[in-house]
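As provided, upload-v4.txt (compact mmCIF, C-alpha atoms) reads as follows.
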# COMPACT_ATOMS: atom_id res chain seq x y z
CA MET A 210 133.62 35.90 184.68
CA PRO A 211 134.17 39.61 184.24
CA SER A 212 136.86 40.77 181.88
CA GLU A 213 140.10 42.05 183.38
CA SER A 214 139.19 45.60 182.41
CA ARG A 215 136.26 45.32 184.84
CA LEU A 216 138.47 44.62 187.87
CA ASN A 217 139.11 47.16 190.59
CA ALA A 218 142.52 48.10 192.02
CA GLU A 219 142.56 44.99 194.25
CA GLY A 220 141.88 42.72 191.26
CA ARG A 221 138.27 42.03 192.26
CA PRO A 222 135.20 42.46 190.03
CA GLN A 223 133.65 45.92 190.13
CA ALA A 224 130.58 46.30 192.33
CA ALA A 225 128.15 46.49 189.40
CA ASP A 226 129.44 43.16 188.09
CA ARG A 227 128.99 41.52 191.48
CA LEU A 228 125.36 42.66 191.59
CA ASP A 229 124.69 40.81 188.33
CA ASP A 230 126.69 37.72 189.33
CA ASP A 231 124.39 34.83 190.31
CA GLN A 232 127.34 33.12 192.00
CA TYR A 233 128.48 36.07 194.13
CA PRO A 234 128.05 35.28 197.85
CA ALA A 235 126.15 38.42 198.79
CA TYR A 236 123.80 37.22 201.54
CA THR A 237 124.55 36.53 205.19
CA MET A 238 123.02 33.47 206.79
CA GLY A 239 120.37 35.49 208.61
CA ARG A 240 119.33 37.40 205.50
CA ALA A 241 119.40 34.25 203.36
CA ALA A 242 117.19 32.39 205.84
CA GLU A 243 114.78 35.34 205.95
CA LEU A 244 114.58 35.52 202.15
CA ILE A 245 113.61 31.87 201.74
CA GLY A 246 111.45 31.70 204.87
CA ALA A 247 113.65 29.19 206.65
CA THR A 248 115.87 29.06 209.70
CA PRO A 249 119.65 29.32 209.78
CA GLY A 250 119.62 25.71 211.01
CA PHE A 251 117.87 24.65 207.79
CA LEU A 252 120.60 26.33 205.74
CA ARG A 253 123.28 24.61 207.85
CA ALA A 254 121.53 21.27 207.25
CA LEU A 255 121.58 21.87 203.48
CA GLY A 256 125.29 22.61 203.73
CA GLU A 257 125.88 19.42 205.71
CA ALA A 258 123.90 17.48 203.09
CA GLY A 259 126.14 18.99 200.40
CA LEU A 260 123.37 20.75 198.47
CA ILE A 261 124.91 24.18 198.97
CA SER A 262 128.43 25.19 199.98
CA PRO A 263 128.41 28.76 201.24
CA LYS A 264 131.55 30.81 200.95
CA ARG A 265 133.07 32.19 204.12
CA SER A 266 133.74 35.85 204.85
CA GLU A 267 137.09 36.91 206.26
CA GLY A 268 135.50 36.60 209.69
CA GLY A 269 134.34 33.04 208.97
CA HIS A 270 130.65 33.81 208.46
CA ARG A 271 128.67 31.92 205.83
CA ARG A 272 127.73 33.88 202.70
CA TYR A 273 125.20 32.68 200.12
CA SER A 274 124.70 33.45 196.42
CA ARG A 275 121.38 33.89 194.64
CA ARG A 276 121.88 30.54 192.93
CA GLN A 277 122.36 28.84 196.28
CA LEU A 278 119.26 30.55 197.64
CA ARG A 279 117.17 29.29 194.70
CA ARG A 280 118.37 25.74 195.41
CA ALA A 281 117.67 26.17 199.13
CA ALA A 282 114.19 27.57 198.43
CA ARG A 283 113.38 24.59 196.20
CA ALA A 284 114.58 22.18 198.91
CA ARG A 285 112.45 24.04 201.44
CA GLU A 286 109.36 23.62 199.22
CA LEU A 287 109.96 19.89 199.08
CA VAL A 288 110.56 19.60 202.83
CA ASP A 289 107.39 21.61 203.47
CA GLN A 290 105.53 19.01 201.38
CA GLY A 291 106.81 16.26 203.67
CA THR A 292 109.91 15.13 201.79
CA PRO A 293 112.84 14.22 204.07
CA ILE A 294 115.71 16.71 203.76
CA GLU A 295 118.15 14.16 202.28
CA ALA A 296 115.62 13.19 199.61
CA ALA A 297 114.82 16.85 198.92
CA CYS A 298 118.52 17.55 198.35
CA ARG A 299 118.76 14.59 195.96
CA ILE A 300 115.70 15.78 194.04
CA VAL A 301 117.12 19.31 193.67
CA ARG A 302 120.43 17.88 192.40
CA LEU A 303 118.60 15.69 189.88
CA GLU A 304 116.49 18.63 188.71
CA ASP A 305 119.67 20.65 188.19
CA ASP A 306 121.28 17.75 186.29
CA LEU A 307 118.22 17.42 184.07
CA GLU A 308 118.18 21.14 183.33
CA ALA A 309 121.88 21.06 182.39
CA ALA A 310 121.38 18.00 180.17
CA LEU A 311 118.44 19.62 178.39
CA ARG A 312 120.50 22.78 177.79
CA MET A 313 123.38 20.73 176.40
CA ASN A 314 121.02 18.73 174.20
CA GLU A 315 119.58 21.94 172.77
CA GLU A 316 123.05 23.35 172.09
CA LEU A 317 124.10 20.15 170.32
CA ARG A 318 120.88 20.14 168.29
CA ARG A 319 121.54 23.72 167.14
CA GLU A 320 125.14 22.83 166.19
CA ALA A 321 123.96 19.83 164.18
CA GLU A 322 121.46 21.99 162.27
CA ARG A 323 123.97 24.69 161.31
CA PRO A 324 125.15 24.83 157.72
CA GLY A 325 128.86 24.17 157.30
CA ASP A 326 129.06 21.12 159.49
CA GLY A 327 132.80 20.78 159.10
CA GLY A 328 132.58 18.81 155.89
CA ASN A 329 131.35 15.56 157.40
CA GLY A 330 127.99 15.84 155.66
CA VAL A 331 126.16 14.27 158.55
CA ARG A 332 122.70 15.61 159.33
CA ARG A 333 120.39 14.12 161.86
CA ARG A 334 116.87 13.18 160.93
CA GLU A 335 114.06 13.49 163.42

Once you've parsed the file, please lay out its structure as structure tokens.
Amino acid sequence: MPSESRLNAEGRPQAADRLDDDQYPAYTMGRAAELIGATPGFLRALGEAGLISPKRSEGGHRRYSRRQLRRAARARELVDQGTPIEAACRIVRLEDDLEAALRMNEELRREAERPGDGGNGVRRRE
């Protein structure tokens, strides 16, 4: 999240920050579909399956972030390989969960290896 000093007069992040924000809903449905080589219907199906939840513009149009497009592209790869869409969505969710768990495991491992462990004297052996 950008710091408050990086907000514009309306209290929104400055444009440069939005360009770097993986979560910023920058892509319209048509552009998003074009980028991942799918149809707007495929993106709607992913939304109905709960894999992605596009934001809505003031006019009610779906807007997608880069992170959502990466998830959609991965689902499309799986569907193109013959995986049913519901199963593809489940696989993508599980892959995301695994990635998050591996990141957390690495962070915990680094914390455990730091000197000054809070005085508990516990060190893990591998």

Residues near segment 262-269 of chain A, cut-off 12 Å, all atoms listed in the file, skip fewer than 4 positions along chain, as number ranges by chain: A: 232-238, 241, 252-258, 273-278, 280-281

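Here the question is which of A:Gly239, A:Leu303, A:Ala282, A:Ile294 gets nearest to His270 of chain A using all atoms listed in the file, and that residue is A:Gly239.
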
So how far away is atom CA of Arg299 of chain A from atom CA of Ala247 of chain A, in Å?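 One can read the atom CA of Ala247 of chain A to atom CA of Arg299 of chain A distance as 18.8 Å.
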
Atom-to-atom span, atom CA of Glu295 of chain A and atom CA of Asp231 of chain A, Å: 24.7 Å

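Here atom CA of Arg272 of chain A and atom CA of Arg240 of chain A stand 9.5 Å from one another.
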
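Protein and nucleic acid residues near (115.3, 14.7, 197.8) are Leu255, Ala258, Gly259, Leu260, Arg280, Ala281, Arg283, Ala284, Arg285, Glu286, Leu287, Val288, Asp289, Gln290, Gly291, Thr292, Pro293, Ile294, Glu295, Ala296, Ala297, Cys298, Arg299, Ile300, Val301, Arg302, Leu303 and Glu304 of chain A, the criterion being any atom at most 12 Å away using all atoms listed in the file.
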